[in-house]
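A.B. asks: Data file entry-v3.txt (compact mmCIF, C-alpha atoms) is appended below.
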```txt
# COMPACT_ATOMS: atom_id res chain seq x y z
CA MET A 121 93.92 152.67 146.77
CA PHE A 122 93.08 156.22 145.69
CA CYS A 123 95.22 159.31 145.15
CA GLN A 124 94.11 162.44 146.99
CA ASN A 125 93.80 165.80 145.23
CA THR A 126 92.52 169.06 146.68
CA ARG A 127 90.99 171.60 144.38
CA ASN A 128 89.16 174.76 145.61
CA GLY A 129 89.06 173.34 149.09
CA ILE A 130 87.32 170.16 147.96
CA ARG A 131 88.98 166.82 148.59
CA ILE A 132 88.83 164.60 145.52
CA GLU A 133 89.79 160.91 145.42
CA VAL A 134 90.76 159.42 142.02
CA PRO A 135 91.98 155.89 141.13
CA ASN A 136 95.73 155.38 141.16
CA PRO A 137 96.65 154.73 137.47
CA TRP A 138 99.71 152.69 138.43
CA GLU A 139 97.66 150.43 140.62
CA ALA A 140 95.06 150.01 137.86
CA ASP A 141 97.78 149.08 135.43
CA MET A 142 99.22 146.55 137.87
CA LYS A 143 95.77 145.00 138.39
CA SER A 144 95.29 144.77 134.64
CA ARG A 145 98.65 143.09 134.18
CA HIS A 146 97.91 140.71 137.03
CA ALA A 147 94.58 139.78 135.41
CA ILE A 148 96.29 139.15 132.10
CA SER A 149 98.91 136.94 133.73
CA ILE A 150 96.17 134.91 135.43
CA ILE A 151 94.39 134.43 132.09
CA GLY A 152 97.68 133.46 130.44
CA ALA A 153 98.36 130.91 133.14
CA ALA A 154 94.87 129.47 132.71
CA VAL A 155 95.37 129.17 128.97
CA ALA A 156 98.64 127.31 129.55
CA VAL A 157 97.06 124.96 132.08
CA LEU A 158 94.08 124.20 129.86
CA GLY A 159 96.31 123.52 126.85
CA PHE A 160 94.95 126.26 124.61
CA ALA A 161 97.30 127.91 122.13
CA ALA A 162 97.05 130.49 119.43
CA PRO A 163 96.30 128.83 116.08
CA VAL A 164 99.35 128.07 113.95
CA THR A 165 99.15 129.78 110.60
CA ALA A 166 99.79 128.02 107.31
CA ALA A 167 102.90 130.15 106.92
CA ASP A 168 104.28 128.96 110.25
CA TYR A 169 103.39 125.25 110.31
CA PHE A 170 106.07 123.98 107.90
CA SER A 171 108.60 126.74 108.53
CA GLY A 172 112.03 125.28 109.25
CA LYS A 173 110.85 121.72 108.59
CA THR A 174 111.80 119.14 105.99
CA LEU A 175 109.12 117.47 103.91
CA LYS A 176 110.03 113.85 103.11
CA LEU A 177 108.61 112.17 100.01
CA THR A 178 108.89 108.38 99.89
CA VAL A 179 108.66 106.45 96.63
CA GLY A 180 108.28 102.68 96.61
CA SER A 181 110.62 101.93 93.70
CA ASN A 182 114.19 102.39 92.58
CA ALA A 183 115.44 105.62 91.06
CA GLY A 184 114.80 106.24 87.38
CA GLY A 185 111.34 104.70 86.96
CA GLY A 186 108.01 106.41 86.48
CA TYR A 187 107.00 106.63 90.14
CA ASP A 188 110.42 108.07 90.99
CA THR A 189 110.33 110.59 88.14
CA TYR A 190 106.89 111.89 89.08
CA THR A 191 107.79 112.07 92.77
CA ARG A 192 110.96 114.06 92.16
CA LEU A 193 109.05 116.43 89.88
CA LEU A 194 106.52 116.97 92.66
CA GLY A 195 109.29 117.47 95.20
CA ARG A 196 110.85 120.26 93.14
CA HIS A 197 107.65 122.30 92.88
CA LEU A 198 105.39 121.49 95.85
CA PRO A 199 107.34 123.54 98.48
CA ARG A 200 106.76 126.75 96.53
CA HIS A 201 103.07 126.49 97.44
CA ILE A 202 103.59 125.74 101.14
CA GLY A 203 103.98 128.60 103.59
CA GLY A 204 107.41 128.57 105.19
CA ARG A 205 108.95 126.90 102.11
CA PRO A 206 110.07 123.63 103.76
CA ALA A 207 113.07 121.76 102.45
CA VAL A 208 112.28 118.54 100.56
CA THR A 209 114.00 115.17 100.38
CA VAL A 210 113.00 112.20 98.20
CA ARG A 211 113.94 108.70 99.30
CA ASN A 212 113.52 105.41 97.49
CA MET A 213 112.15 102.47 99.46
CA PRO A 214 111.61 99.61 96.99
CA GLY A 215 110.24 96.23 98.02
CA GLY A 216 107.16 94.08 97.55
CA GLY A 217 105.94 95.98 94.51
CA GLY A 218 105.56 99.15 96.57
CA LEU A 219 104.15 97.44 99.66
CA LYS A 220 107.21 98.12 101.83
CA SER A 221 106.96 101.90 101.43
CA VAL A 222 103.18 101.85 101.91
CA GLN A 223 103.49 99.92 105.18
CA TYR A 224 106.15 102.37 106.30
CA ALA A 225 103.84 105.28 105.53
CA TYR A 226 100.93 103.68 107.37
CA LYS A 227 102.73 102.46 110.48
CA VAL A 228 106.06 104.25 110.95
CA ALA A 229 106.08 107.66 109.26
CA LYS A 230 105.66 110.75 111.43
CA LYS A 231 102.05 111.78 111.80
CA ASP A 232 102.71 115.52 111.69
CA GLY A 233 102.33 116.12 107.95
CA THR A 234 106.06 116.15 107.17
CA GLU A 235 105.99 112.75 105.42
CA ILE A 236 104.16 111.91 102.20
CA ALA A 237 104.35 108.63 100.29
CA ASN A 238 103.63 107.44 96.80
CA VAL A 239 100.82 105.05 97.83
CA ARG A 240 100.06 102.87 94.83
CA ALA A 241 96.49 102.00 93.96
CA SER A 242 97.66 98.46 93.15
CA ASN A 243 98.65 98.02 96.79
CA ALA A 244 95.25 99.36 97.83
CA LEU A 245 93.45 96.87 95.59
CA ASP A 246 95.61 94.01 96.91
CA SER A 247 94.57 94.95 100.44
CA ILE A 248 90.91 95.38 99.53
CA LEU A 249 90.82 91.96 97.86
CA GLY A 250 92.47 90.35 100.89
CA ILE A 251 95.64 89.36 99.05
CA ARG A 252 98.37 91.20 101.01
CA GLY A 253 98.62 94.36 103.08
CA THR A 254 95.39 93.44 104.86
CA ASP A 255 96.73 95.02 108.05
CA MET A 256 96.04 98.44 106.51
CA ASP A 257 92.81 100.34 105.85
CA PHE A 258 93.52 102.48 102.80
CA LEU A 259 90.55 104.74 103.52
CA LYS A 260 92.40 105.90 106.64
CA PHE A 261 95.27 107.36 104.64
CA VAL A 262 95.10 111.14 104.26
CA TRP A 263 94.91 111.31 100.47
CA ILE A 264 96.64 114.33 98.94
CA GLY A 265 95.84 113.69 95.28
CA SER A 266 97.05 111.92 92.13
CA MET A 267 99.26 113.59 89.52
CA ALA A 268 97.94 111.65 86.54
CA SER A 269 95.67 108.95 85.22
CA ASP A 270 97.43 106.46 82.98
CA THR A 271 97.36 103.05 81.35
CA ASP A 272 99.47 99.96 81.93
CA VAL A 273 101.10 98.88 78.68
CA CYS A 274 102.20 95.37 77.74
CA SER A 275 105.05 95.84 75.26
CA PHE A 276 107.26 93.27 73.57
CA TRP A 277 110.74 93.31 72.11
CA HIS A 278 110.90 93.24 68.33
CA THR A 279 112.62 89.83 68.29
CA SER A 280 110.02 88.17 70.57
CA GLY A 281 107.67 87.23 67.74
CA VAL A 282 104.79 89.11 69.41
CA LYS A 283 103.28 91.60 66.98
CA SER A 284 99.63 91.55 68.10
CA TYR A 285 97.27 90.43 70.87
CA ASP A 286 96.55 87.19 69.01
CA ASP A 287 100.22 86.20 69.38
CA LEU A 288 99.80 86.31 73.18
CA LEU A 289 97.14 83.61 72.87
CA LYS A 290 99.31 81.35 70.73
CA LYS A 291 102.71 81.24 72.42
CA GLU A 292 104.24 81.45 75.89
CA VAL A 293 106.32 84.59 76.34
CA THR A 294 108.25 85.83 79.37
CA VAL A 295 107.55 89.14 81.11
CA ALA A 296 109.18 90.61 84.21
CA ALA A 297 107.97 91.92 87.56
CA THR A 298 109.52 93.09 90.82
CA GLY A 299 107.24 91.07 93.10
CA LYS A 300 103.71 89.73 93.52
CA GLY A 301 102.50 93.03 94.94
CA ALA A 302 103.50 94.90 91.80
CA GLN A 303 101.26 96.04 88.98
CA ALA A 304 103.72 94.23 86.65
CA PHE A 305 102.61 90.96 88.26
CA MET A 306 98.97 91.75 88.95
CA PHE A 307 97.97 92.87 85.44
CA PRO A 308 99.54 90.17 83.22
CA ASN A 309 98.38 87.47 85.63
CA ALA A 310 94.81 88.81 85.45
CA ILE A 311 94.99 89.01 81.64
CA ASN A 312 96.22 85.40 81.53
CA ASN A 313 93.47 84.12 83.81
CA VAL A 314 90.59 86.08 82.29
CA LEU A 315 91.48 86.12 78.59
CA GLY A 316 93.69 83.06 78.21
CA THR A 317 96.99 84.67 77.21
CA LYS A 318 100.24 82.81 77.94
CA MET A 319 102.56 85.31 79.62
CA LYS A 320 105.07 83.71 81.98
CA ILE A 321 105.95 86.15 84.77
CA ILE A 322 109.55 86.19 86.03
CA LEU A 323 109.91 87.81 89.48
CA GLY A 324 112.86 89.54 91.09
CA TYR A 325 113.58 92.50 88.81
CA LYS A 326 114.37 95.74 90.64
CA GLY A 327 112.40 98.23 88.60
CA THR A 328 111.73 99.71 85.17
CA GLY A 329 115.40 100.26 84.34
CA ASP A 330 116.26 96.69 85.26
CA ARG A 331 113.45 95.33 83.08
CA VAL A 332 114.43 97.47 80.09
CA LEU A 333 118.00 96.19 80.39
CA ALA A 334 116.65 92.62 80.48
CA LEU A 335 114.68 93.33 77.30
CA GLU A 336 117.76 94.69 75.56
CA GLN A 337 119.80 91.65 76.58
CA GLY A 338 117.14 89.15 75.54
CA GLU A 339 116.45 87.83 79.06
CA ILE A 340 112.72 88.47 78.70
CA ALA A 341 110.37 88.89 75.75
CA GLY A 342 108.34 91.80 77.08
CA SER A 343 106.99 93.64 80.04
CA CYS A 344 103.65 94.74 81.41
CA GLY A 345 103.53 97.04 84.42
CA ILE A 346 105.17 99.93 82.57
CA ASN A 347 102.75 102.85 82.43
CA GLY A 348 102.09 104.66 79.18
CA SER A 349 103.61 107.86 80.57
CA THR A 350 106.82 106.00 81.50
CA LEU A 351 106.96 104.26 78.15
CA LEU A 352 106.75 107.60 76.35
CA SER A 353 109.10 109.50 78.64
CA ARG A 354 111.79 107.06 79.79
CA ILE A 355 111.88 104.49 76.96
CA THR A 356 110.94 106.72 74.03
CA ARG A 357 113.83 105.79 71.75
CA HIS A 358 112.97 102.07 71.83
CA VAL A 359 109.36 102.82 70.93
CA LYS A 360 110.31 105.22 68.14
CA ASP A 361 112.83 102.75 66.76
CA LYS A 362 110.15 100.04 66.91
CA LYS A 363 112.38 97.85 69.03
CA LEU A 364 109.74 97.83 71.77
CA ILE A 365 106.23 97.28 70.45
CA PRO A 366 103.15 98.24 72.56
CA ILE A 367 100.56 95.48 72.14
CA ILE A 368 97.74 96.18 74.62
CA GLN A 369 97.04 98.79 77.29
CA SER A 370 95.05 98.35 80.49
CA GLY A 371 92.98 101.17 81.94
CA LEU A 372 89.52 102.66 81.60
CA LYS A 373 90.51 104.85 78.65
CA PRO A 374 93.43 104.89 76.20
CA HIS A 375 96.53 106.95 76.87
CA PRO A 376 96.20 110.13 74.73
CA GLN A 377 99.40 109.32 72.81
CA LEU A 378 98.68 105.60 72.43
CA LYS A 379 95.20 105.64 70.96
CA GLN A 380 96.23 103.11 68.31
CA VAL A 381 96.97 100.51 71.02
CA PRO A 382 93.79 98.54 71.92
CA LEU A 383 92.40 98.42 75.45
CA THR A 384 92.83 95.00 77.03
CA GLN A 385 89.16 94.67 77.99
CA SER A 386 88.16 95.17 74.36
CA PHE A 387 89.12 91.51 73.91
CA ALA A 388 86.72 90.33 76.63
CA LYS A 389 84.19 87.82 75.30
CA THR A 390 81.63 88.14 78.10
CA ASP A 391 80.22 90.91 80.28
CA GLU A 392 81.64 89.14 83.32
CA GLN A 393 85.16 89.18 81.90
CA ARG A 394 84.83 92.87 81.08
CA GLU A 395 83.44 93.68 84.55
CA VAL A 396 86.30 91.90 86.34
CA LEU A 397 88.97 93.52 84.18
CA ASN A 398 87.41 96.97 84.62
CA ALA A 399 87.42 96.47 88.39
CA ILE A 400 91.14 95.65 88.33
CA PHE A 401 92.11 98.32 85.80
CA SER A 402 90.08 101.15 87.38
CA GLN A 403 93.04 101.86 89.65
CA MET A 404 94.76 103.45 86.62
CA GLU A 405 92.49 106.48 87.05
CA ILE A 406 94.78 107.39 89.96
CA ALA A 407 98.08 106.09 88.61
CA ARG A 408 100.31 108.56 90.49
CA PRO A 409 98.69 108.98 93.92
CA TYR A 410 100.15 110.46 97.11
CA ALA A 411 99.02 110.23 100.70
CA ALA A 412 100.08 111.15 104.22
CA PRO A 413 99.81 108.74 107.16
CA PRO A 414 96.52 108.32 109.01
CA GLY A 415 95.97 110.77 111.83
CA ILE A 416 97.94 113.84 110.75
CA PRO A 417 96.58 117.19 112.00
CA ALA A 418 93.67 118.56 110.01
CA ASN A 419 95.44 121.87 109.36
CA ALA A 420 98.51 120.06 107.99
CA ALA A 421 96.28 117.99 105.69
CA ALA A 422 94.55 121.12 104.43
CA ILE A 423 97.89 122.83 103.73
CA LEU A 424 99.26 119.83 101.81
CA ARG A 425 96.10 119.35 99.77
CA ALA A 426 95.89 123.02 98.81
CA ALA A 427 99.59 123.06 97.90
CA PHE A 428 99.21 119.93 95.76
CA ASP A 429 96.26 121.42 93.85
CA LYS A 430 98.22 124.63 93.19
CA ALA A 431 101.31 122.70 92.10
CA MET A 432 99.25 120.80 89.51
CA THR A 433 98.46 124.08 87.75
CA ASP A 434 101.88 125.65 88.32
CA ALA A 435 103.29 126.84 84.98
CA ARG A 436 106.83 125.88 86.00
CA LEU A 437 105.82 122.33 86.94
CA LEU A 438 103.83 121.92 83.74
CA LYS A 439 106.72 123.22 81.65
CA GLU A 440 109.14 120.77 83.25
CA ALA A 441 106.63 117.92 82.91
CA ALA A 442 106.31 118.67 79.20
CA LYS A 443 110.09 118.63 78.85
CA LEU A 444 110.18 115.24 80.60
CA ARG A 445 107.22 114.07 78.49
CA LEU A 446 105.15 113.42 81.59
CA GLU A 447 101.40 113.79 81.38
CA ILE A 448 99.76 115.79 84.17
CA SER A 449 96.07 114.90 84.49
CA PRO A 450 95.47 115.37 88.22
CA THR A 451 92.77 114.12 90.54
CA ASP A 452 92.32 116.06 93.76
CA SER A 453 92.19 114.54 97.24
CA SER A 454 88.43 113.95 97.33
CA GLY A 455 88.45 112.38 93.86
CA THR A 456 91.37 110.12 94.78
CA GLU A 457 89.72 109.04 98.00
CA GLY A 458 86.49 108.46 96.08
CA ILE A 459 88.17 105.95 93.76
CA ILE A 460 89.68 104.11 96.75
CA ALA A 461 86.20 104.04 98.29
CA ARG A 462 84.69 102.60 95.08
CA LEU A 463 87.31 99.85 95.05
CA THR A 464 86.59 99.17 98.73
CA ASN A 465 82.87 98.91 98.02
CA LEU A 466 83.06 96.57 95.02
CA PRO A 467 80.41 93.82 95.24
CA ALA A 468 81.64 90.74 97.07
CA ASP A 469 81.29 88.48 94.01
CA ILE A 470 83.37 90.85 91.86
CA LYS A 471 86.04 91.01 94.58
CA LYS A 472 86.18 87.23 94.65
CA LYS A 473 86.45 86.98 90.85
CA ALA A 474 89.06 89.74 90.70
CA ARG A 475 91.14 88.01 93.36
CA THR A 476 90.95 84.74 91.43
CA ALA A 477 91.91 86.58 88.24
CA ILE A 478 94.99 88.09 89.87
CA GLY A 479 95.93 84.56 90.89
CA GLN A 480 95.68 84.66 94.67
```
What would you get if you wrote out this structure as structure tokens?

C.D. replies:
Amino acid sequence: MFCQNTRNGIRIEVPNPWEADMKSRHAISIIGAAVAVLGFAAPVTAADYFSGKTLKLTVGSNAGGGYDTYTRLLGRHLPRHIGGRPAVTVRNMPGGGGLKSVQYAYKVAKKDGTEIANVRASNALDSILGIRGTDMDFLKFVWIGSMASDTDVCSFWHTSGVKSYDDLLKKEVTVAATGKGAQAFMFPNAINNVLGTKMKIILGYKGTGDRVLALEQGEIAGSCGINGSTLLSRITRHVKDKKLIPIIQSGLKPHPQLKQVPLTQSFAKTDEQREVLNAIFSQMEIARPYAAPPGIPANAAAILRAAFDKAMTDARLLKEAAKLRLEISPTDSSGTEGIIARLTNLPADIKKKARTAIGQ
């Protein structure tokens, strides 16, 4: 419809502005309806995605141990680097040497990016070797990164009679582990089977604190499965007082503060022994890894990975880590996933020998 206007005797027809506006609004409403029907939506910004949400961090051990300490440190600093500053909770889900929490993360946890788990590399290797947890594909986890590389230290109480590696070849000594899926079982069993040491592994201990108490009370002679970082942060006084003596450490390189403690594979007598031990110990390159469940949205994964990388260089996190005597030597998401891929792609004969070494 047109408005009529007469000027100098000439009839002029011009568009009705109100009608044009109504047509424009009608067109917009049609487009909006089409967008709704087709399922399109405006992209959610990083600042909006986690706003008002709670980020849950799951750790597969009891409170007070190394995995728990690192996870709580991460929980205190990670939200500062996530838009919307989500709240954070940390929950402990011990069982099966970490396997219970990993299976929860893989099968049960929400797939929206609000749940992250401490997914141990030892559980990944168990699965890859066909020992346990074979219902999971660890390459499908959305890897966020690892806070530190580390070594696994076999240490013995000062009254145990173990002062050197040679003593482990001569006498049977008891060490403790939570379960067969734990690093504290996997590593000493492999050392026994490859190198001929005589460590007797007692299962059923709840975690690091429980094992330290057992050492103090004389229930066990020593313990493997305690990382160098935990030894130097949570059990420092026993090491300084020389009540707990580090004998060997397992990893691809020595812990920076334990360079005087020999690497386990340095006692290998053949290339095959060394190759098998290196395959098992390579997991220590990602000793504090974190992952989200398979299938979380790509934008959520990108936000979490970027936040993790920023947290690892955060001056406040590093200051607190130093106070807690925790080493921060991070590996980003691609590096962490790369190590899992290398474990997955180990030659079949090495997998078989590693599985035999672990005792499965």

A.B. asks: Point out the residue among A:His358, A:Lys320, A:Lys290, A:Lys300 with the least atom-to-atom distance to Leu333 (chain A), counting only C-alpha atoms.

C.D. replies: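 Using only C-alpha atoms, Leu333 (chain A) sits closest to A:His358.
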
A.B. asks: Let me make sure I understand: among A:Pro374, A:Pro417, A:Pro308, A:Gly327, which one has the smallest atom-to-atom distance to Ser349 (chain A) if we use only C-alpha atoms?

C.D. replies: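 Ranking A:Pro374, A:Pro417, A:Pro308, A:Gly327 by distance to Ser349 (chain A), first place goes to A:Pro374.
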
A.B. asks: With all atoms listed in the file as the counted atoms, please give the residues lying no more than 7 Å from Val396 (chain A), apart from itself and same-chain residues fewer than 3 positions off, as a list of chain:residue names.

C.D. replies: A:Glu392, A:Gln393, A:Ala399, A:Ile400, A:Ile470, A:Lys473, A:Ala474

A.B. asks: Find the nearest atom pair between each residue of region 182-227 of chain A and region 242-257 of chain A for residues within 8 Å, count all atoms listed in the file, give distances in Å to one decimal, sort rows by chain and ascending number, and present the table as a Markdown table.

C.D. replies:
```
| residue | atom | partner | partner_atom | distance |
| --- | --- | --- | --- | --- |
| A:Gly217 | CA | A:Asn243 | CA | 7.9 |
| A:Gly218 | CA | A:Asn243 | CA | 7.0 |
| A:Leu219 | CA | A:Asn243 | CA | 6.2 |
| A:Val222 | CA | A:Asn243 | CA | 7.8 |
| A:Gln223 | CA | A:Gly253 | CA | 7.7 |
| A:Tyr226 | CA | A:Met256 | CA | 7.2 |
```

A.B. asks: Could you write out that same residue set with C-alpha atoms as a PDB file, keeping the file's coordinate frame?

C.D. replies:
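Just written: part_30.pdb:
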```pdb
ATOM      1  CA  GLY A 217     105.940  95.980  94.510  1.00  0.00           C
ATOM      2  CA  GLY A 218     105.560  99.150  96.570  1.00  0.00           C
ATOM      3  CA  LEU A 219     104.150  97.440  99.660  1.00  0.00           C
ATOM      4  CA  VAL A 222     103.180 101.850 101.910  1.00  0.00           C
ATOM      5  CA  GLN A 223     103.490  99.920 105.180  1.00  0.00           C
ATOM      6  CA  TYR A 226     100.930 103.680 107.370  1.00  0.00           C
TER       7      TYR A 226
END
```

A.B. asks: By how many Å are CA of Lys260 (chain A) and CA of Ser221 (chain A) apart?

C.D. replies: 16.0 Å

A.B. asks: Considering all atoms listed in the file, can you say which of A:Val239, A:Ile423, A:Ala304, A:Val293 comes closest to Ala407 (chain A)?

C.D. replies: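 Among A:Val239, A:Ile423, A:Ala304, A:Val293, it is A:Val239 that comes nearest to Ala407 (chain A).
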
A.B. asks: Using all atoms listed in the file, find all polymer residues with an atom at most 12 Å away from the point (103.4, 88.2, 67.4); report them as a PyMOL selection string.

C.D. replies: chain A and resi 275-293+341-342+365-367

A.B. asks: Give the answer as one residue: which of A:Ala241, A:Ile355, A:Ile264, A:Ala412 has the shortest atom-to-atom distance to Asp452 (chain A), using only C-alpha atoms?

C.D. replies: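 Closest to Asp452 (chain A) of all the choices is A:Ile264.
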
A.B. asks: Measure the distance from CA of Lys227 (chain A) to CA of Ser454 (chain A) in Å and round it to one decimal.

C.D. replies: 22.6 Å

A.B. asks: Rank nothing, just name the residue among A:Lys318, A:Pro199, A:Val295, A:Ala183 nearest to Phe428 (chain A), using all atoms listed in the file.

C.D. replies: A:Pro199

A.B. asks: What does the structure give for the distance between CA of Lys360 (chain A) and CA of Leu444 (chain A), in Å to one decimal?

C.D. replies: 16.0 Å

A.B. asks: With only C-alpha atoms as the atoms that count, which of A:Asn465, A:Gln337, A:Thr451, A:Thr476 lies nearest to Trp263 (chain A)?

C.D. replies: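 Closest to Trp263 (chain A), using only C-alpha atoms: A:Thr451.
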
A.B. asks: What residues have an atom no more than 9 Å from (110.1, 104.2, 93.0) in the file's own frame, counting only C-alpha atoms, and can you write them as a ChimeraX atom specification?

C.D. replies: /A:178-189,191,211-214,218,238,327

A.B. asks: Please provide as a count of residues only all residues within 12 Å of Gly415 (chain A), with the sequence filter that same-chain residues fewer than 5 positions apart are discarded (counting only C-alpha atoms).

C.D. replies: 15

A.B. asks: Kindly list the centre and edge lengths in Å, rounded to one decimal, for the axis-aligned box that covers all listed atoms of region 348-367 of chain A plus 6 Å on each of its six sides, as JSON.

C.D. replies:
```
{"center_x": 107.2, "center_y": 102.5, "center_z": 74.1, "size_x": 25.3, "size_y": 26.0, "size_z": 26.7}
```
